[in-house]
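Structure data follow from model.json (JSON, C-alpha atoms):
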[["chain", "number", "residue", "atom", "x", "y", "z"],
["L", 11, "THR", "CA", -17.19, 2.80, -1.91],
["L", 12, "GLN", "CA", -13.99, 4.84, -1.83],
["L", 13, "LEU", "CA", -13.55, 5.88, 1.78],
["L", 14, "LEU", "CA", -10.53, 8.07, 1.09],
["L", 15, "GLU", "CA", -10.54, 10.49, -1.82],
["L", 16, "GLN", "CA", -7.27, 11.95, -2.98],
["L", 17, "SER", "CA", -6.95, 15.02, -5.14],
["L", 18, "PRO", "CA", -5.65, 15.71, -7.58],
["L", 19, "GLN", "CA", -5.22, 12.27, -9.11],
["L", 20, "PHE", "CA", -2.53, 13.53, -11.48],
["L", 21, "LEU", "CA", -0.21, 16.50, -11.05],
["L", 22, "SER", "CA", 2.64, 17.59, -13.28],
["L", 23, "ILE", "CA", 4.65, 20.66, -12.29],
["L", 24, "GLN", "CA", 8.05, 22.24, -12.86],
["L", 25, "GLU", "CA", 11.00, 21.78, -10.56],
["L", 26, "GLY", "CA", 11.05, 24.41, -7.82],
["L", 27, "GLU", "CA", 7.29, 24.86, -7.59],
["L", 28, "ASN", "CA", 5.22, 24.12, -4.50],
["L", 29, "LEU", "CA", 2.27, 21.75, -4.39],
["L", 30, "THR", "CA", -0.36, 20.35, -2.08],
["L", 31, "VAL", "CA", -2.09, 16.98, -2.25],
["L", 32, "TYR", "CA", -5.31, 16.36, -0.36],
["L", 33, "CYS", "CA", -6.80, 13.27, 1.22],
["L", 34, "ASN", "CA", -10.42, 13.57, 2.31],
["L", 35, "SER", "CA", -13.00, 11.34, 3.91],
["L", 36, "SER", "CA", -16.34, 11.47, 5.65],
["L", 37, "SER", "CA", -15.03, 8.91, 8.14],
["L", 38, "VAL", "CA", -12.91, 9.44, 11.22],
["L", 39, "PHE", "CA", -9.58, 7.65, 11.32],
["L", 40, "SER", "CA", -7.46, 6.76, 14.33],
["L", 41, "SER", "CA", -4.34, 7.40, 12.29],
["L", 42, "LEU", "CA", -3.40, 8.45, 8.81],
["L", 43, "GLN", "CA", -0.33, 7.55, 6.87],
["L", 44, "TRP", "CA", 1.31, 8.75, 3.68],
["L", 45, "TYR", "CA", 3.31, 6.49, 1.41],
["L", 46, "ARG", "CA", 5.33, 7.11, -1.74],
["L", 47, "GLN", "CA", 5.54, 4.45, -4.38],
["L", 48, "GLU", "CA", 7.99, 4.42, -7.27],
["L", 49, "PRO", "CA", 7.38, 2.40, -10.44],
["L", 50, "GLY", "CA", 7.92, -1.31, -9.93],
["L", 51, "GLU", "CA", 8.38, -0.97, -6.18],
["L", 52, "GLY", "CA", 6.24, -1.30, -3.10],
["L", 53, "PRO", "CA", 4.99, 1.77, -1.22],
["L", 54, "VAL", "CA", 7.35, 3.25, 1.36],
["L", 55, "LEU", "CA", 5.99, 4.84, 4.52],
["L", 56, "LEU", "CA", 6.70, 8.57, 4.77],
["L", 57, "VAL", "CA", 4.83, 9.56, 7.92],
["L", 58, "THR", "CA", 2.11, 8.59, 10.38],
["L", 59, "VAL", "CA", -0.12, 11.21, 12.02],
["L", 60, "VAL", "CA", -2.41, 10.29, 14.88],
["L", 61, "THR", "CA", -3.58, 13.48, 16.61],
["L", 62, "GLY", "CA", -6.16, 15.85, 15.17],
["L", 63, "GLY", "CA", -4.41, 19.03, 14.01],
["L", 64, "GLU", "CA", -1.01, 17.38, 14.05],
["L", 65, "VAL", "CA", 1.64, 18.73, 11.68],
["L", 66, "LYS", "CA", 4.79, 16.81, 10.81],
["L", 67, "LYS", "CA", 7.67, 17.93, 8.65],
["L", 68, "LEU", "CA", 10.04, 15.74, 6.72],
["L", 69, "LYS", "CA", 12.59, 18.01, 5.03],
["L", 70, "ARG", "CA", 10.59, 19.75, 2.27],
["L", 71, "LEU", "CA", 7.43, 17.74, 2.97],
["L", 72, "THR", "CA", 4.80, 18.95, 5.44],
["L", 73, "PHE", "CA", 1.97, 16.66, 6.52],
["L", 74, "GLN", "CA", -1.13, 17.79, 8.35],
["L", 75, "PHE", "CA", -3.94, 15.79, 9.95],
["L", 76, "GLY", "CA", -7.28, 17.57, 10.09],
["L", 77, "ASP", "CA", -8.71, 18.60, 13.44],
["L", 78, "ALA", "CA", -11.56, 16.12, 13.06],
["L", 79, "ARG", "CA", -9.21, 13.36, 11.88],
["L", 80, "LYS", "CA", -11.12, 12.97, 8.62],
["L", 81, "ASP", "CA", -8.67, 14.55, 6.21],
["L", 82, "SER", "CA", -5.01, 15.20, 5.61],
["L", 83, "SER", "CA", -2.76, 17.15, 3.33],
["L", 84, "LEU", "CA", 0.76, 16.80, 2.01],
["L", 85, "HIS", "CA", 2.60, 19.97, 1.00],
["L", 86, "ILE", "CA", 5.89, 19.85, -0.89],
["L", 87, "THR", "CA", 8.04, 22.94, -1.06],
["L", 88, "ALA", "CA", 10.44, 23.51, -3.95],
["L", 89, "ALA", "CA", 9.64, 20.20, -5.65],
["L", 90, "GLN", "CA", 12.51, 18.24, -7.16],
["L", 91, "PRO", "CA", 12.51, 15.51, -9.84],
["L", 92, "GLY", "CA", 13.28, 12.98, -7.09],
["L", 93, "ASP", "CA", 9.85, 13.69, -5.61],
["L", 94, "THR", "CA", 8.21, 12.07, -8.62],
["L", 95, "GLY", "CA", 6.06, 9.10, -7.70],
["L", 96, "LEU", "CA", 2.66, 7.85, -6.62],
["L", 97, "TYR", "CA", 1.61, 9.29, -3.26],
["L", 98, "LEU", "CA", -0.89, 7.24, -1.30],
["L", 99, "CYS", "CA", -2.72, 8.20, 1.83],
["L", 100, "ALA", "CA", -4.06, 5.45, 4.07],
["L", 101, "GLY", "CA", -6.34, 5.62, 7.06],
["L", 102, "GLY", "CA", -6.39, 3.31, 10.05],
["L", 103, "ARG", "CA", -9.65, 2.50, 11.78],
["L", 104, "GLY", "CA", -8.57, 0.29, 14.61],
["L", 105, "ALA", "CA", -8.22, -3.43, 13.94],
["L", 106, "GLN", "CA", -5.24, -4.03, 11.72],
["L", 107, "LYS", "CA", -6.39, -2.80, 8.33],
["L", 108, "LEU", "CA", -5.56, 0.34, 6.43],
["L", 109, "VAL", "CA", -7.85, 1.87, 3.82],
["L", 110, "PHE", "CA", -5.93, 3.38, 0.91],
["L", 111, "GLY", "CA", -6.82, 6.34, -1.25],
["L", 112, "GLN", "CA", -6.52, 5.94, -5.02],
["L", 113, "GLY", "CA", -3.27, 7.86, -5.08],
["L", 114, "THR", "CA", -1.86, 11.03, -6.60],
["L", 115, "ARG", "CA", 0.59, 10.53, -9.42],
["L", 116, "LEU", "CA", 3.10, 13.36, -9.18],
["L", 117, "THR", "CA", 5.55, 14.25, -11.93],
["L", 118, "ILE", "CA", 8.21, 16.90, -11.40],
["L", 119, "ASN", "CA", 9.71, 18.15, -14.64],
["L", 120, "PRO", "CA", 13.32, 19.39, -14.65],
["F", 17, "ASP", "CA", 18.38, -4.90, 7.66],
["F", 18, "ALA", "CA", 14.94, -6.06, 8.64],
["F", 19, "MET", "CA", 12.75, -6.25, 5.62],
["F", 20, "VAL", "CA", 9.96, -7.82, 3.62],
["F", 21, "ILE", "CA", 11.08, -9.88, 0.64],
["F", 22, "GLN", "CA", 8.87, -11.03, -2.19],
["F", 23, "ASN", "CA", 9.74, -13.67, -4.72],
["F", 24, "PRO", "CA", 9.77, -13.67, -7.59],
["F", 25, "ARG", "CA", 9.85, -10.00, -8.67],
["F", 26, "TYR", "CA", 8.32, -10.93, -12.01],
["F", 27, "GLN", "CA", 6.15, -13.95, -12.74],
["F", 28, "VAL", "CA", 4.65, -14.99, -16.06],
["F", 29, "THR", "CA", 2.02, -17.70, -15.93],
["F", 30, "GLN", "CA", -0.33, -19.27, -18.40],
["F", 31, "PHE", "CA", -4.06, -18.72, -18.29],
["F", 32, "GLY", "CA", -5.50, -21.23, -15.83],
["F", 33, "LYS", "CA", -2.15, -22.52, -14.55],
["F", 34, "PRO", "CA", -1.82, -22.33, -10.75],
["F", 35, "VAL", "CA", 0.81, -19.96, -9.46],
["F", 36, "THR", "CA", 2.23, -19.24, -6.00],
["F", 37, "LEU", "CA", 3.81, -16.00, -4.87],
["F", 38, "SER", "CA", 5.89, -15.89, -1.72],
["F", 39, "CYS", "CA", 6.65, -13.33, 0.97],
["F", 40, "SER", "CA", 9.07, -13.51, 3.86],
["F", 41, "GLN", "CA", 9.80, -11.03, 6.65],
["F", 42, "THR", "CA", 12.50, -10.53, 9.24],
["F", 43, "LEU", "CA", 10.59, -7.91, 11.23],
["F", 44, "ASN", "CA", 8.81, -10.44, 13.44],
["F", 45, "HIS", "CA", 5.55, -8.61, 12.74],
["F", 46, "ASN", "CA", 2.48, -10.57, 13.65],
["F", 47, "VAL", "CA", 0.26, -9.21, 10.87],
["F", 48, "MET", "CA", 0.84, -9.98, 7.18],
["F", 49, "TYR", "CA", -1.22, -8.70, 4.27],
["F", 50, "TRP", "CA", -1.65, -9.39, 0.57],
["F", 51, "TYR", "CA", -2.71, -6.56, -1.69],
["F", 52, "GLN", "CA", -3.49, -6.49, -5.40],
["F", 53, "GLN", "CA", -2.60, -3.31, -7.25],
["F", 54, "LYS", "CA", -3.55, -2.63, -10.83],
["F", 55, "SER", "CA", -2.08, 0.15, -12.88],
["F", 56, "SER", "CA", -2.58, 3.62, -11.35],
["F", 57, "GLN", "CA", -4.99, 2.27, -8.74],
["F", 58, "ALA", "CA", -4.91, 2.03, -4.99],
["F", 59, "PRO", "CA", -3.76, -1.26, -3.48],
["F", 60, "LYS", "CA", -6.74, -3.51, -2.83],
["F", 61, "LEU", "CA", -6.62, -5.73, 0.23],
["F", 62, "LEU", "CA", -7.19, -9.41, -0.56],
["F", 63, "PHE", "CA", -6.70, -10.88, 2.93],
["F", 64, "HIS", "CA", -4.54, -10.67, 6.00],
["F", 65, "TYR", "CA", -3.26, -12.87, 8.79],
["F", 66, "TYR", "CA", -3.22, -11.78, 12.41],
["F", 67, "ASP", "CA", -0.80, -14.38, 13.72],
["F", 68, "LYS", "CA", -2.40, -17.58, 12.42],
["F", 69, "ASP", "CA", -5.88, -16.12, 12.13],
["F", 70, "PHE", "CA", -6.88, -15.73, 8.50],
["F", 71, "ASN", "CA", -9.11, -12.78, 7.54],
["F", 72, "ASN", "CA", -10.57, -12.77, 4.05],
["F", 73, "GLU", "CA", -12.04, -9.66, 2.44],
["F", 74, "ALA", "CA", -15.65, -10.16, 1.40],
["F", 75, "ASP", "CA", -14.97, -9.34, -2.24],
["F", 76, "THR", "CA", -11.82, -11.45, -2.66],
["F", 77, "PRO", "CA", -12.52, -14.12, -5.30],
["F", 78, "ASP", "CA", -12.30, -17.78, -4.27],
["F", 79, "ASN", "CA", -9.58, -18.13, -6.87],
["F", 80, "PHE", "CA", -7.21, -16.48, -4.38],
["F", 81, "GLN", "CA", -5.97, -18.46, -1.39],
["F", 82, "SER", "CA", -3.28, -17.87, 1.19],
["F", 83, "ARG", "CA", -1.11, -19.84, 3.57],
["F", 84, "ARG", "CA", 1.01, -18.73, 6.50],
["F", 85, "PRO", "CA", 3.01, -21.71, 7.74],
["F", 86, "ASN", "CA", 4.95, -19.64, 10.31],
["F", 87, "THR", "CA", 5.51, -16.04, 11.43],
["F", 88, "SER", "CA", 8.08, -15.33, 8.74],
["F", 89, "PHE", "CA", 6.42, -16.65, 5.61],
["F", 90, "CYS", "CA", 3.18, -16.07, 3.78],
["F", 91, "PHE", "CA", 2.08, -17.38, 0.37],
["F", 92, "LEU", "CA", -0.50, -16.24, -2.15],
["F", 93, "ASP", "CA", -1.93, -19.00, -4.32],
["F", 94, "ILE", "CA", -3.89, -18.19, -7.44],
["F", 95, "ARG", "CA", -5.63, -21.40, -8.42],
["F", 96, "SER", "CA", -6.67, -20.56, -11.97],
["F", 97, "PRO", "CA", -5.27, -17.21, -13.08],
["F", 98, "GLY", "CA", -7.30, -15.25, -15.55],
["F", 99, "LEU", "CA", -6.23, -12.31, -17.69],
["F", 100, "GLY", "CA", -7.90, -10.00, -15.19],
["F", 101, "ASP", "CA", -5.57, -11.20, -12.44],
["F", 102, "ALA", "CA", -2.56, -9.61, -14.07],
["F", 103, "ALA", "CA", -1.38, -7.05, -11.53],
["F", 104, "MET", "CA", 1.27, -6.14, -9.01],
["F", 105, "TYR", "CA", 0.86, -8.20, -5.84],
["F", 106, "LEU", "CA", 2.15, -6.55, -2.70],
["F", 107, "CYS", "CA", 2.92, -8.20, 0.60],
["F", 108, "ALA", "CA", 3.03, -6.02, 3.69],
["F", 109, "THR", "CA", 3.57, -6.51, 7.40],
["F", 110, "SER", "CA", 2.72, -4.55, 10.49],
["F", 111, "SER", "CA", 2.67, -4.82, 14.24],
["F", 112, "SER", "CA", -0.79, -5.20, 15.71],
["F", 113, "GLN", "CA", -1.02, -1.54, 16.69],
["F", 114, "LEU", "CA", -0.39, -0.20, 13.17],
["F", 115, "SER", "CA", 1.42, 2.76, 14.72],
["F", 116, "GLY", "CA", 4.55, 1.95, 12.76],
["F", 117, "GLY", "CA", 2.66, 1.67, 9.52],
["F", 118, "TYR", "CA", 3.03, -1.03, 6.98],
["F", 119, "THR", "CA", 6.30, -2.30, 5.63],
["F", 120, "PHE", "CA", 5.82, -3.37, 2.04],
["F", 121, "GLY", "CA", 7.82, -5.73, -0.07],
["F", 122, "SER", "CA", 8.88, -4.70, -3.56],
["F", 123, "GLY", "CA", 6.00, -6.62, -5.07],
["F", 124, "THR", "CA", 5.59, -9.36, -7.64],
["F", 125, "ARG", "CA", 4.46, -8.27, -11.10],
["F", 126, "LEU", "CA", 2.22, -11.05, -12.43],
["F", 127, "THR", "CA", 1.60, -11.42, -16.16],
["F", 128, "VAL", "CA", -0.97, -13.90, -17.43],
["F", 129, "VAL", "CA", -0.57, -15.10, -21.02]]

As a first step, turn the structure in this file into structure tokens.
Amino acid sequence: TQLLEQSPQFLSIQEGENLTVYCNSSSVFSSLQWYRQEPGEGPVLLVTVVTGGEVKKLKRLTFQFGDARKDSSLHITAAQPGDTGLYLCAGGRGAQKLVFGQGTRLTINP
Amino acid sequence: DAMVIQNPRYQVTQFGKPVTLSCSQTLNHNVMYWYQQKSSQAPKLLFHYYDKDFNNEADTPDNFQSRRPNTSFCFLDIRSPGLGDAAMYLCATSSSQLSGGYTFGSGTRLTVV
């Protein structure tokens, strides 16, 4: 059972365009994290959100945690080729374990 | 810099030949995890250690074992690798509260021939 569903699974857009990636669940999470993974490397933490409705910005990236803490979104403004990678959302449910979504593979074409 | 280091980066092993992957950390995190990631898929948790307490996932095959001799090191042993075990193996660490997220190593790409 996939507790976290990411959409879209694949996205290819032109440099300069905006995009949004979604992470949805029927479960409530105490925290939600977004990671970016480049080929041949481990995932790197981008942000953690813990409060329902919370919005965090990281340069051109905007992360939002849903009010009910069941979903999240990642919005990228003016995408650049350096944004290319696999974006993973992960939800924390107490204890020490994160549940990962299946990822969104993003390609930004010059 | 504090980090998580996995060795080797690439490992080729023969079908059925035992192999050990290693992970070390300088973060002094008390939780260490091993994940298996196959191409274009989400990382799949195999097991984790909370300090010395070992926690196995219900669907982790018996073929996979782990050791954590001290806070800094954790090993993944694959007793009899099959072709289906070819994957990227990721080690990660966290503090017990998870608020700082996971810190991942760069992974070990395992090929089984």

Give me, as JSON lines, the closest atom pair and its distance (Å, one decimal) for every residue of chain L within a cut-off of 8 Å of chain F, counting all atoms listed in the file, rows sorted by chain and rising number.
{"residue": "L:Ser41", "atom": "CA", "partner": "F:Ser115", "partner_atom": "CA", "distance": 7.8}
{"residue": "L:Gln43", "atom": "CA", "partner": "F:Gly117", "partner_atom": "CA", "distance": 7.1}
{"residue": "L:Gly50", "atom": "CA", "partner": "F:Ser122", "partner_atom": "CA", "distance": 7.3}
{"residue": "L:Glu51", "atom": "CA", "partner": "F:Ser122", "partner_atom": "CA", "distance": 4.6}
{"residue": "L:Gly52", "atom": "CA", "partner": "F:Ser122", "partner_atom": "CA", "distance": 4.3}
{"residue": "L:Pro53", "atom": "CA", "partner": "F:Phe120", "partner_atom": "CA", "distance": 6.1}
{"residue": "L:Val54", "atom": "CA", "partner": "F:Phe120", "partner_atom": "CA", "distance": 6.8}
{"residue": "L:Leu55", "atom": "CA", "partner": "F:Gly117", "partner_atom": "CA", "distance": 6.8}
{"residue": "L:Thr58", "atom": "CA", "partner": "F:Gly117", "partner_atom": "CA", "distance": 7.0}
{"residue": "L:Leu98", "atom": "CA", "partner": "F:Ala58", "partner_atom": "CA", "distance": 7.5}
{"residue": "L:Gly102", "atom": "CA", "partner": "F:Leu114", "partner_atom": "CA", "distance": 7.6}
{"residue": "L:Ala105", "atom": "CA", "partner": "F:Ser112", "partner_atom": "CA", "distance": 7.8}
{"residue": "L:Gln106", "atom": "CA", "partner": "F:Ser112", "partner_atom": "CA", "distance": 6.1}
{"residue": "L:Phe110", "atom": "CA", "partner": "F:Ala58", "partner_atom": "CA", "distance": 6.1}
{"residue": "L:Gly111", "atom": "CA", "partner": "F:Ala58", "partner_atom": "CA", "distance": 6.0}
{"residue": "L:Gln112", "atom": "CA", "partner": "F:Ala58", "partner_atom": "CA", "distance": 4.2}
{"residue": "L:Gly113", "atom": "CA", "partner": "F:Ala58", "partner_atom": "CA", "distance": 6.1}
{"residue": "L:Arg115", "atom": "CA", "partner": "F:Ser56", "partner_atom": "CA", "distance": 7.8}

_For Ala88 in chain L, find every residue with an atom within 6 Å (counting only C-alpha atoms), except residues of its own chain fewer than 3 positions away, and show them as a ChimeraX atom specification._
/L:26-28

*Find the spatial neighbours of Tyr97 in chain L, counting all atoms listed in the file, within a cut-off of 8 Å - ignore same-chain residues fewer than 3 positions away - and output them as an NGL selection string.*
:L and (44-47 or 113-116)

*For CA of Asn71 in chain F and CA of Leu42 in chain L, quote the distance in Å rounded to one decimal.*
22.0 Å

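From CA of Leu108 in chain L back to CA of Ile23 in chain L, the distance works out to 29.5 Å.
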
*CA of Ala74 in chain F and CA of Tyr51 in chain F, how far apart in Å?*
13.8 Å

*asked:* For a cutoff of 12 Å around the file-coordinate point (14.4, 22.2, -4.5), which residues qualify once you count all atoms listed in the file? I'd like the result as an MDAnalysis selection string.
replied: chainID L and resid 24:28 69:71 86:93 118:120

*Check the smallest atom-to-atom distance from each of L:Val65, L:Val57, L:Lys107, L:Gly95 to Leu21 in chain L using only C-alpha atoms, then report the winner.*
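Looking only at the distances to Leu21 in chain L, the closest residue turns out to be L:Gly95.
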
Because the input lacks atoms here, generate N, CA, C and O atoms for range 89-104 of chain F and report them as an mmCIF file, keeping the file's coordinate frame.
data_model
loop_
_atom_site.group_PDB
_atom_site.id
_atom_site.type_symbol
_atom_site.label_atom_id
_atom_site.label_comp_id
_atom_site.auth_asym_id
_atom_site.auth_seq_id
_atom_site.Cartn_x
_atom_site.Cartn_y
_atom_site.Cartn_z
ATOM 1 N N PHE F 89 6.773 -16.405 6.998
ATOM 2 C CA PHE F 89 6.420 -16.650 5.610
ATOM 3 C C PHE F 89 4.916 -16.572 5.383
ATOM 4 O O PHE F 89 4.123 -16.997 6.219
ATOM 5 N N CYS F 90 4.568 -16.082 4.191
ATOM 6 C CA CYS F 90 3.180 -16.070 3.780
ATOM 7 C C CYS F 90 3.143 -16.270 2.261
ATOM 8 O O CYS F 90 4.002 -15.728 1.545
ATOM 9 N N PHE F 91 2.178 -17.056 1.785
ATOM 10 C CA PHE F 91 2.080 -17.380 0.370
ATOM 11 C C PHE F 91 0.732 -16.955 -0.176
ATOM 12 O O PHE F 91 -0.289 -17.021 0.527
ATOM 13 N N LEU F 92 0.739 -16.535 -1.421
ATOM 14 C CA LEU F 92 -0.500 -16.240 -2.150
ATOM 15 C C LEU F 92 -0.603 -17.257 -3.282
ATOM 16 O O LEU F 92 0.304 -17.350 -4.127
ATOM 17 N N ASP F 93 -1.683 -18.020 -3.273
ATOM 18 C CA ASP F 93 -1.930 -19.000 -4.320
ATOM 19 C C ASP F 93 -3.076 -18.512 -5.183
ATOM 20 O O ASP F 93 -4.155 -18.202 -4.673
ATOM 21 N N ILE F 94 -2.828 -18.500 -6.490
ATOM 22 C CA ILE F 94 -3.890 -18.190 -7.440
ATOM 23 C C ILE F 94 -4.179 -19.484 -8.186
ATOM 24 O O ILE F 94 -3.325 -19.984 -8.924
ATOM 25 N N ARG F 95 -5.360 -20.031 -7.970
ATOM 26 C CA ARG F 95 -5.630 -21.400 -8.420
ATOM 27 C C ARG F 95 -5.792 -21.495 -9.928
ATOM 28 O O ARG F 95 -5.323 -22.439 -10.558
ATOM 29 N N SER F 96 -6.442 -20.544 -10.523
ATOM 30 C CA SER F 96 -6.670 -20.560 -11.970
ATOM 31 C C SER F 96 -6.616 -19.125 -12.480
ATOM 32 O O SER F 96 -7.663 -18.466 -12.624
ATOM 33 N N PRO F 97 -5.401 -18.632 -12.714
ATOM 34 C CA PRO F 97 -5.270 -17.210 -13.080
ATOM 35 C C PRO F 97 -5.982 -16.882 -14.376
ATOM 36 O O PRO F 97 -5.889 -17.627 -15.363
ATOM 37 N N GLY F 98 -6.697 -15.781 -14.345
ATOM 38 C CA GLY F 98 -7.300 -15.250 -15.550
ATOM 39 C C GLY F 98 -6.570 -13.983 -15.972
ATOM 40 O O GLY F 98 -5.731 -13.455 -15.248
ATOM 41 N N LEU F 99 -6.914 -13.503 -17.181
ATOM 42 C CA LEU F 99 -6.230 -12.310 -17.690
ATOM 43 C C LEU F 99 -6.448 -11.120 -16.762
ATOM 44 O O LEU F 99 -5.590 -10.259 -16.618
ATOM 45 N N GLY F 100 -7.588 -11.093 -16.095
ATOM 46 C CA GLY F 100 -7.900 -10.000 -15.190
ATOM 47 C C GLY F 100 -7.112 -10.026 -13.889
ATOM 48 O O GLY F 100 -7.176 -9.077 -13.110
ATOM 49 N N ASP F 101 -6.381 -11.095 -13.662
ATOM 50 C CA ASP F 101 -5.570 -11.200 -12.440
ATOM 51 C C ASP F 101 -4.178 -10.648 -12.631
ATOM 52 O O ASP F 101 -3.386 -10.613 -11.674
ATOM 53 N N ALA F 102 -3.858 -10.234 -13.836
ATOM 54 C CA ALA F 102 -2.560 -9.610 -14.070
ATOM 55 C C ALA F 102 -2.492 -8.307 -13.272
ATOM 56 O O ALA F 102 -3.363 -7.439 -13.395
ATOM 57 N N ALA F 103 -1.468 -8.205 -12.434
ATOM 58 C CA ALA F 103 -1.380 -7.050 -11.530
ATOM 59 C C ALA F 103 -0.058 -7.122 -10.777
ATOM 60 O O ALA F 103 0.691 -8.085 -10.889
ATOM 61 N N MET F 104 0.187 -6.100 -9.982
ATOM 62 C CA MET F 104 1.270 -6.140 -9.010
ATOM 63 C C MET F 104 0.674 -6.676 -7.706
ATOM 64 O O MET F 104 -0.385 -6.198 -7.267
#
